[in-house]
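Listing of my_file-v8.cif, mmCIF, C-alpha atoms and all ligand atoms
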```cif
data_model
#
loop_
_atom_site.label_atom_id
_atom_site.label_comp_id
_atom_site.auth_asym_id
_atom_site.auth_seq_id
_atom_site.Cartn_x
_atom_site.Cartn_y
_atom_site.Cartn_z
CA MET A 1 0.00 0.00 0.00
CA MET A 2 1.38 3.41 -1.00
CA ARG A 3 -0.03 6.56 0.53
CA CYS A 4 0.69 9.89 -1.16
CA ASP A 5 -0.28 13.51 -1.25
CA VAL A 6 0.31 15.64 -4.31
CA LEU A 7 0.47 19.38 -3.69
CA THR A 8 -0.04 21.14 -6.99
CA LEU A 9 -1.30 24.25 -8.75
CA PHE A 10 -2.96 21.99 -11.35
CA PRO A 11 -4.98 19.33 -9.53
CA SER A 12 -7.00 18.35 -12.61
CA MET A 13 -3.81 17.51 -14.51
CA VAL A 14 -2.78 15.10 -11.74
CA GLU A 15 -6.27 13.66 -11.25
CA SER A 16 -6.77 12.94 -14.93
CA VAL A 17 -3.76 10.62 -14.95
CA LEU A 18 -4.58 9.05 -11.56
CA ASN A 19 -8.07 8.24 -12.84
CA THR A 20 -6.75 6.26 -15.80
CA SER A 21 -5.71 2.65 -16.34
CA MET A 22 -3.41 0.95 -13.81
CA LEU A 23 -3.21 3.89 -11.41
CA SER A 24 -6.98 4.00 -11.16
CA LEU A 25 -7.12 0.21 -10.73
CA ALA A 26 -4.46 0.30 -8.00
CA GLN A 27 -6.62 2.75 -6.06
CA GLU A 28 -9.72 0.57 -6.53
CA LYS A 29 -7.75 -2.41 -5.20
CA GLY A 30 -6.75 -0.41 -2.12
CA LEU A 31 -3.03 -0.57 -3.01
CA LEU A 32 -2.65 3.15 -3.69
CA ASP A 33 -4.17 6.10 -1.90
CA VAL A 34 -3.55 9.58 -3.29
CA THR A 35 -4.90 12.89 -2.05
CA VAL A 36 -4.49 15.74 -4.53
CA THR A 37 -4.43 19.19 -2.97
CA ASP A 38 -4.60 22.54 -4.73
CA ILE A 39 -1.84 24.73 -3.29
CA ARG A 40 -4.08 27.71 -4.02
CA SER A 41 -6.55 26.57 -1.37
CA PHE A 42 -3.86 27.57 1.17
CA ALA A 43 -3.51 31.09 -0.23
CA HIS A 44 -5.51 33.52 1.83
CA ASP A 45 -5.72 36.67 -0.27
CA ARG A 46 -8.73 37.46 -2.42
CA HIS A 47 -7.02 36.29 -5.62
CA ARG A 48 -5.58 33.10 -4.10
CA THR A 49 -2.09 34.15 -5.16
CA ALA A 50 0.40 31.27 -5.15
CA ASP A 51 3.24 32.83 -7.17
CA ASP A 52 4.97 36.17 -7.45
CA ARG A 53 7.83 37.90 -9.29
CA PRO A 54 11.40 36.98 -8.35
CA TYR A 55 13.42 39.29 -6.10
CA GLY A 56 16.41 40.51 -8.07
CA GLY A 57 14.46 40.53 -11.31
CA GLY A 58 14.40 38.10 -14.19
CA ALA A 59 11.84 36.16 -16.16
CA GLY A 60 9.03 34.03 -14.83
CA MET A 61 7.33 33.65 -11.52
CA VAL A 62 8.37 32.02 -8.25
CA LEU A 63 6.09 29.95 -6.03
CA LYS A 64 5.45 31.75 -2.77
CA PRO A 65 6.54 29.97 0.41
CA GLU A 66 3.49 30.45 2.66
CA PRO A 67 0.81 28.45 0.77
CA ILE A 68 3.17 25.51 0.15
CA LEU A 69 4.38 25.37 3.75
CA GLU A 70 0.82 25.60 5.04
CA ALA A 71 -0.20 22.77 2.74
CA VAL A 72 2.76 20.68 3.99
CA ASP A 73 1.95 21.55 7.62
CA SER A 74 -1.63 20.47 7.10
CA VAL A 75 -0.52 17.04 5.83
CA CYS A 76 2.16 16.67 8.51
CA ALA A 77 -0.28 17.52 11.31
CA ARG A 78 -2.10 14.30 10.37
CA HIS A 79 1.01 12.36 9.31
CA PRO A 80 4.03 13.57 11.31
CA ASP A 81 6.48 11.08 9.73
CA ALA A 82 5.59 12.01 6.12
CA ARG A 83 8.44 11.94 3.60
CA ILE A 84 8.52 15.18 1.61
CA VAL A 85 9.50 14.90 -2.04
CA MET A 86 10.18 18.16 -3.88
CA THR A 87 10.15 17.74 -7.63
CA SER A 88 12.97 19.77 -9.13
CA PRO A 89 15.35 19.50 -12.08
CA ARG A 90 18.21 20.12 -9.65
CA GLY A 91 17.32 17.09 -7.50
CA ARG A 92 19.02 13.71 -7.42
CA GLN A 93 17.92 11.62 -10.34
CA PHE A 94 15.01 9.23 -9.92
CA ASP A 95 15.75 5.64 -10.95
CA GLN A 96 14.44 2.11 -10.45
CA ALA A 97 16.01 1.91 -6.97
CA CYS A 98 14.15 5.11 -5.93
CA ALA A 99 10.94 3.61 -7.32
CA GLN A 100 11.54 0.47 -5.26
CA SER A 101 12.21 2.53 -2.13
CA MET A 102 9.05 4.61 -2.62
CA SER A 103 6.94 1.52 -3.24
CA GLU A 104 8.15 -0.01 0.05
CA ASP A 105 8.04 3.14 2.18
CA SER A 106 5.43 2.89 4.92
CA ARG A 107 5.49 6.67 5.37
CA ARG A 108 3.19 9.00 3.49
CA LEU A 109 4.90 10.50 0.42
CA VAL A 110 4.16 14.17 -0.07
CA PHE A 111 5.02 15.41 -3.56
CA ILE A 112 5.43 19.14 -3.93
CA CYS A 113 5.10 20.05 -7.60
CA GLY A 114 7.45 22.90 -8.36
CA HIS A 115 7.68 24.98 -11.47
CA TYR A 116 10.92 25.42 -13.31
CA GLU A 117 11.29 29.08 -12.46
CA GLY A 118 11.40 27.69 -8.97
CA ILE A 119 9.96 27.53 -5.51
CA ASP A 120 11.04 30.15 -2.96
CA GLU A 121 14.16 28.56 -1.44
CA ARG A 122 12.77 29.01 2.08
CA VAL A 123 10.29 26.17 1.52
CA ARG A 124 13.25 23.81 1.61
CA THR A 125 15.33 25.61 4.23
CA VAL A 126 12.44 26.09 6.66
CA MET A 127 11.41 22.44 6.39
CA ALA A 128 15.03 21.35 6.91
CA ALA A 129 15.34 23.67 9.93
CA GLU A 130 12.21 22.05 11.35
CA GLY A 131 13.95 18.70 11.10
CA ARG A 132 11.86 17.39 8.21
CA GLU A 133 13.52 15.11 5.74
CA VAL A 134 13.23 16.74 2.30
CA ASP A 135 14.05 14.75 -0.80
CA GLU A 136 14.67 16.83 -3.95
CA VAL A 137 14.15 14.59 -6.93
CA SER A 138 14.42 15.07 -10.71
CA ILE A 139 13.29 12.59 -13.35
CA GLY A 140 16.03 13.47 -15.85
CA ASP A 141 18.22 16.12 -17.39
CA TYR A 142 15.60 18.20 -19.16
CA VAL A 143 13.21 20.88 -17.98
CA LEU A 144 9.45 20.38 -17.62
CA THR A 145 6.93 23.19 -17.29
CA GLY A 146 6.06 21.86 -13.85
CA GLY A 147 6.62 19.02 -11.40
CA GLU A 148 3.20 17.37 -11.95
CA LEU A 149 4.37 15.03 -14.72
CA ALA A 150 7.50 14.22 -12.71
CA ALA A 151 5.45 13.34 -9.60
CA LEU A 152 3.18 11.18 -11.75
CA VAL A 153 6.18 9.40 -13.27
CA MET A 154 7.50 8.63 -9.80
CA ILE A 155 4.12 7.43 -8.56
CA ASP A 156 3.56 5.29 -11.66
CA ALA A 157 7.00 3.66 -11.55
CA SER A 158 6.60 2.93 -7.82
CA VAL A 159 2.99 1.72 -7.79
CA ARG A 160 3.58 -0.96 -10.38
CA LEU A 161 6.17 -2.54 -8.06
CA ILE A 162 3.60 -3.06 -5.29
CA PRO A 163 2.66 -6.75 -5.23
CA GLY A 164 -0.84 -7.19 -6.65
CA VAL A 165 -0.88 -4.10 -8.84
CA LEU A 166 0.20 -5.92 -11.98
CA GLY A 167 -1.75 -9.03 -12.96
CA ASP A 168 1.22 -11.34 -13.11
CA ALA A 169 3.63 -11.27 -10.15
CA GLU A 170 6.43 -12.45 -12.42
CA SER A 171 6.18 -9.59 -14.89
CA VAL A 172 8.04 -7.23 -12.55
CA LYS A 173 10.90 -9.66 -11.98
CA GLU A 174 11.61 -10.41 -15.62
CA GLU A 175 11.72 -6.91 -16.97
CA SER A 176 14.31 -4.26 -17.72
CA PHE A 177 16.42 -2.78 -14.95
CA SER A 178 15.38 -5.00 -12.05
CA GLY A 179 17.91 -7.47 -13.44
CA ALA A 180 20.06 -4.69 -14.95
CA LEU A 181 19.34 -6.00 -18.47
CA LEU A 182 16.91 -4.66 -21.05
CA GLU A 183 13.89 -6.71 -21.98
CA TYR A 184 13.96 -9.48 -24.56
CA GLU A 185 12.10 -9.10 -27.85
CA GLN A 186 8.37 -9.80 -27.67
CA TYR A 187 6.05 -11.10 -30.39
CA THR A 188 2.33 -11.71 -30.68
CA ARG A 189 0.06 -12.93 -33.47
CA PRO A 190 0.18 -13.17 -36.45
CA VAL A 191 3.08 -15.61 -36.93
CA GLU A 192 3.91 -13.91 -40.23
CA PHE A 193 3.51 -10.19 -40.82
CA ARG A 194 4.77 -8.49 -44.03
CA ALA A 195 7.13 -11.41 -44.60
CA ALA A 196 8.61 -11.08 -41.09
CA ARG A 197 8.19 -14.24 -39.02
CA VAL A 198 8.11 -14.82 -35.28
CA PRO A 199 11.30 -16.72 -34.27
CA ASP A 200 10.61 -20.48 -34.47
CA VAL A 201 11.80 -21.18 -30.95
CA LEU A 202 8.88 -19.17 -29.50
CA LEU A 203 6.44 -21.49 -31.32
CA SER A 204 8.26 -24.64 -30.28
CA GLY A 205 6.66 -25.14 -26.88
CA ASP A 206 10.14 -25.94 -25.51
CA HIS A 207 10.13 -23.78 -22.37
CA GLY A 208 13.80 -24.34 -21.60
CA ALA A 209 14.82 -23.26 -25.09
CA ILE A 210 12.48 -20.28 -24.93
CA ARG A 211 13.97 -19.15 -21.59
CA GLU A 212 17.47 -19.47 -23.05
CA TRP A 213 16.54 -17.56 -26.23
CA ARG A 214 14.95 -14.77 -24.20
CA HIS A 215 17.96 -14.45 -21.98
CA ARG A 216 20.22 -14.22 -25.00
CA SER A 217 17.85 -11.67 -26.57
CA SER A 218 18.09 -9.56 -23.39
CA LEU A 219 21.86 -9.65 -23.45
CA ALA A 220 22.03 -8.83 -27.18
CA SER A 221 19.54 -5.96 -26.81
CA THR A 222 21.43 -4.51 -23.84
CA TYR A 223 24.76 -4.85 -25.65
CA ALA A 224 23.36 -3.09 -28.74
CA ARG A 225 21.41 -0.31 -27.02
CA ARG A 226 22.88 0.24 -23.56
CA PRO A 227 26.42 -1.18 -23.40
CA ASP A 228 26.96 1.10 -20.37
CA LEU A 229 24.76 -1.29 -18.35
CA LEU A 230 27.19 -4.15 -19.05
CA LYS A 231 30.39 -2.36 -18.16
CA GLU A 232 30.57 -2.71 -14.41
CA GLY A 233 31.58 -6.38 -14.42
CA ALA A 234 27.99 -7.16 -13.45
CA LEU A 235 27.71 -10.21 -15.70
CA ALA A 236 27.89 -13.75 -14.36
CA GLN A 237 30.46 -15.96 -16.09
CA GLY A 238 27.80 -17.80 -18.11
CA ASP A 239 26.50 -14.48 -19.38
CA GLN A 240 30.00 -13.33 -20.31
CA LEU A 241 30.30 -16.41 -22.52
CA ILE A 242 26.94 -15.71 -24.18
CA LEU A 243 27.96 -12.07 -24.72
CA ALA A 244 31.29 -13.14 -26.23
CA ASP A 245 29.34 -15.37 -28.63
CA ILE A 246 27.00 -12.47 -29.55
CA GLN A 247 30.02 -10.24 -30.20
CA GLN A 248 31.74 -12.90 -32.28
CA LYS A 249 28.63 -13.44 -34.44
CA GLU A 250 28.42 -9.66 -34.88
CA ARG A 251 32.05 -9.50 -36.05
CA ALA A 252 31.44 -12.42 -38.43
CA GLU A 253 28.43 -10.64 -39.91
CA ASN A 254 30.37 -7.40 -40.34
CA SER A 255 33.22 -9.10 -42.14
CA ASP A 256 30.73 -11.10 -44.25
CA SER A 257 28.90 -8.17 -45.72
CA PRO A 258 31.66 -6.75 -47.97
CA ARG A 259 32.02 -10.21 -49.51
CA ARG A 260 28.29 -10.40 -50.07
CA LEU A 261 28.39 -7.00 -51.75
CA SER A 262 31.22 -7.97 -54.13
CA SER A 263 29.79 -11.37 -55.11
CL1 LIG B 301 11.10 16.93 -10.97
N1 LIG B 301 10.53 19.13 -12.32
C1 LIG B 301 10.64 19.93 -13.40
N2 LIG B 301 9.97 21.07 -13.40
N3 LIG B 301 11.38 19.64 -14.45
C2 LIG B 301 12.03 18.49 -14.42
C3 LIG B 301 11.96 17.60 -13.34
C4 LIG B 301 11.20 17.97 -12.29
N4 LIG B 301 12.73 16.53 -13.62
C5 LIG B 301 13.23 16.76 -14.81
N5 LIG B 301 12.84 17.93 -15.30
#
```
Please rewrite the model in this file as C-alpha cells.
Amino acid sequence: MMRCDVLTLFPSMVESVLNTSMLSLAQEKGLLDVTVTDIRSFAHDRHRTADDRPYGGGAGMVLKPEPILEAVDSVCARHPDARIVMTSPRGRQFDQACAQSMSEDSRRLVFICGHYEGIDERVRTVMAAEGREVDEVSIGDYVLTGGELAALVMIDASVRLIPGVLGDAESVKEESFSGALLEYEQYTRPVEFRAARVPDVLLSGDHGAIREWRHRSSLASTYARRPDLLKEGALAQGDQLILADIQQKERAENSDSPRRLSS
C-alpha cells in the first residue's frame, strides 16, 4: 500500500492521470491512496495568489513559500512522519532503486510540484530547519513546465512494483532494470507479418529453449542499445560467454557483408 499527497497548482492535470488505467485500478484495489491538494486553497488573499515575481528581477514567476508550507503543515499535522519529495530538475535523479524505495516506504509520500522558475528557497530551508527530511528529486536532465508530470512518473513507476498491482507477479521480476538488463524481444500474433516471421523457438513449446533464447535476446539488446549497463563487471560468467558469442557473431556478420556485396 502506497499513501501519497500531491500538492499542486494543477490538480485536474494530476487527477486525470490518476483516474486512468493501472493507477486507477491500484486505487480501486486499495493498493494506492492519493490525495491531490490545490496549493491555491492555502492562499488567503482574495485572488488566491500562489506565485509572485522573483526578487532581483528576471523572467518568470516564483512559487510563494506560505501556501506551500501551510499545505505541507496540514498534511504533517495528520502524518508527522511524512516523507517530503520536492520535484525539481536540480534534484538527485530518480531511478528504479528510488521507485523500489518509494513503493516499500510505509510513510506517506508528499510530492510538492514545483515549477521550473522555482519555488522560494525558504520552503526547503524552513522544512530542513524544522527537522523534516526533504528529498529533492528530478526525473532526468531536461526541464518540464512543472513538477506534476514528474510526480506522476515517480508514482507510476513505484505503484507498479507493489505486489498485486500488476496481474502477473512475475512480470516485474523479468523486466528491464530489475535485473540490470533490457527486456527481450516480444512477439504476438500473427506468426507472419509483411514477410517477417516470429522466431521459431517461440512457437516450439520448448520452455527451456524459450527461456534461453529470451535471456540471449536480453543480453544482445542490452549490448546493442545500452552497453553502459554491461560495463561494471555485473555479468555472471555464463553471461560473459553468451555475450562473447553475440560479439563474435556480430564481427562475423560485419566481415561477411563486404564479400556479399562484391559477389
Ligand atoms: Cl522533478 N521538475 C521539473 N519542473 N522539471 C524536471 C523535473 C522535475 N525533472 C526533470 N525535469
Produce a table with one row for each residue of chain A that has an atom at most 6 Å from any atom of ligand LIG 301 (chain B), each row naming the nearest atom pair and its distance in Å at one decimal; use all atoms listed in the file; arrange rows by chain and rising residue number; format as CSV.
```
residue,atom,partner,partner_atom,distance
A:Thr87,CA,B:LIG301,CL1,3.6
A:Ser88,CA,B:LIG301,CL1,3.9
A:Pro89,CA,B:LIG301,C3,4.1
A:Gly114,CA,B:LIG301,N2,5.9
A:His115,CA,B:LIG301,N2,4.9
A:Tyr116,CA,B:LIG301,N2,4.5
A:Val137,CA,B:LIG301,CL1,5.6
A:Ser138,CA,B:LIG301,N4,3.7
A:Ile139,CA,B:LIG301,N4,4.0
A:Gly140,CA,B:LIG301,C5,4.4
A:Asp141,CA,B:LIG301,C5,5.7
A:Tyr142,CA,B:LIG301,N5,4.8
A:Val143,CA,B:LIG301,N5,4.0
A:Leu144,CA,B:LIG301,N3,3.8
A:Thr145,CA,B:LIG301,N2,5.4
A:Gly146,CA,B:LIG301,N2,4.0
A:Gly147,CA,B:LIG301,N1,4.0
A:Ala150,CA,B:LIG301,CL1,4.8
```
Using the selection just defined, write its residues with C-alpha atoms as a PDB file, keeping the file's coordinate frame.
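part-v8.pdb, freshly written:
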```
ATOM      1  CA  THR A  87      10.150  17.740  -7.630  1.00  0.00           C
ATOM      2  CA  SER A  88      12.970  19.770  -9.130  1.00  0.00           C
ATOM      3  CA  PRO A  89      15.350  19.500 -12.080  1.00  0.00           C
ATOM      4  CA  GLY A 114       7.450  22.900  -8.360  1.00  0.00           C
ATOM      5  CA  HIS A 115       7.680  24.980 -11.470  1.00  0.00           C
ATOM      6  CA  TYR A 116      10.920  25.420 -13.310  1.00  0.00           C
ATOM      7  CA  VAL A 137      14.150  14.590  -6.930  1.00  0.00           C
ATOM      8  CA  SER A 138      14.420  15.070 -10.710  1.00  0.00           C
ATOM      9  CA  ILE A 139      13.290  12.590 -13.350  1.00  0.00           C
ATOM     10  CA  GLY A 140      16.030  13.470 -15.850  1.00  0.00           C
ATOM     11  CA  ASP A 141      18.220  16.120 -17.390  1.00  0.00           C
ATOM     12  CA  TYR A 142      15.600  18.200 -19.160  1.00  0.00           C
ATOM     13  CA  VAL A 143      13.210  20.880 -17.980  1.00  0.00           C
ATOM     14  CA  LEU A 144       9.450  20.380 -17.620  1.00  0.00           C
ATOM     15  CA  THR A 145       6.930  23.190 -17.290  1.00  0.00           C
ATOM     16  CA  GLY A 146       6.060  21.860 -13.850  1.00  0.00           C
ATOM     17  CA  GLY A 147       6.620  19.020 -11.400  1.00  0.00           C
ATOM     18  CA  ALA A 150       7.500  14.220 -12.710  1.00  0.00           C
TER      19      ALA A 150
END
```
Each residue of region 123-177 of chain A lying at most 9 Å from region 66-79 of chain A should get a row with its shortest atom-to-atom pair and the distance in Å to one decimal, counting all atoms listed in the file; could you produce that, ordered by chain and increasing number, as JSON lines?
```
{"residue": "A:Val123", "atom": "CA", "partner": "A:Leu69", "partner_atom": "CA", "distance": 6.4}
{"residue": "A:Val126", "atom": "CA", "partner": "A:Leu69", "partner_atom": "CA", "distance": 8.6}
{"residue": "A:Met127", "atom": "CA", "partner": "A:Leu69", "partner_atom": "CA", "distance": 8.1}
```
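The environment of region 13-25 of chain A within 9 Å, counting only C-alpha atoms and disregarding residues fewer than 2 places along the same chain, consists of A:Val6, A:Thr8, A:Phe10, A:Pro11, A:Gln27, A:Glu28, A:Lys29, A:Gly30, A:Leu31, A:Leu32, A:Val34, A:Val36, A:Glu148, A:Leu149, A:Ala151, A:Leu152, A:Ile155, A:Asp156, A:Val159, A:Arg160, A:Val165, A:Leu166.
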d(CA of Glu136 (chain A), CA of Gly91 (chain A)) in Å
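Taking CA of Glu136 (chain A) as the start and CA of Gly91 (chain A) as the end point, the length is 4.4 Å.
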Can you measure CA of Leu241 (chain A) to CA of Ala220 (chain A) for me? One decimal in Å is fine.
12.1 Å
Check the smallest atom-to-atom distance from each of A:Ala157, A:Ala244, A:Met86, A:Ile119 to Val62 (chain A) using all atoms listed in the file, then report the winner.
A:Ile119
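For the pair CA of Ile84 (chain A) and CA of Leu109 (chain A), the separation is 6.0 Å.
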From A:Asp228, A:Leu182, A:Gly238, A:Val198, residue lying nearest Glu212 (chain A) [all atoms listed in the file]:
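Checking each of A:Asp228, A:Leu182, A:Gly238, A:Val198 against Glu212 (chain A), counting all atoms listed in the file, the winner is A:Gly238.
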Which one of A:Lys64, A:Gly118, A:Glu104, A:Ser217 sits closest to Arg48 (chain A) if you count only C-alpha atoms?
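Once distances to Arg48 (chain A) are computed over only C-alpha atoms, the minimum belongs to A:Lys64.
Using only C-alpha atoms, the protein and nucleic acid residues lying no more than 8 Å from Gly60 (chain A), apart from those fewer than 4 places from it along its own chain, are Arg53, Pro54 and Glu117 of chain A.
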All residues 12 Å or closer to Gln240 (chain A), all atoms listed in the file, same chain fewer than 4 positions away omitted, as number ranges by chain:
A: 216, 219-220, 223, 230-231, 233-236, 244-247
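Among the candidates A:Tyr55, A:Ser106, A:Thr49, A:Cys98, the one nearest to Cys4 (chain A) when counting only C-alpha atoms is A:Ser106.
Of the listed residues A:Leu181, A:Phe193, A:Asp51, A:Ser103, the one whose atoms come nearest to Arg226 (chain A) is A:Leu181, with distances taken using only C-alpha atoms.
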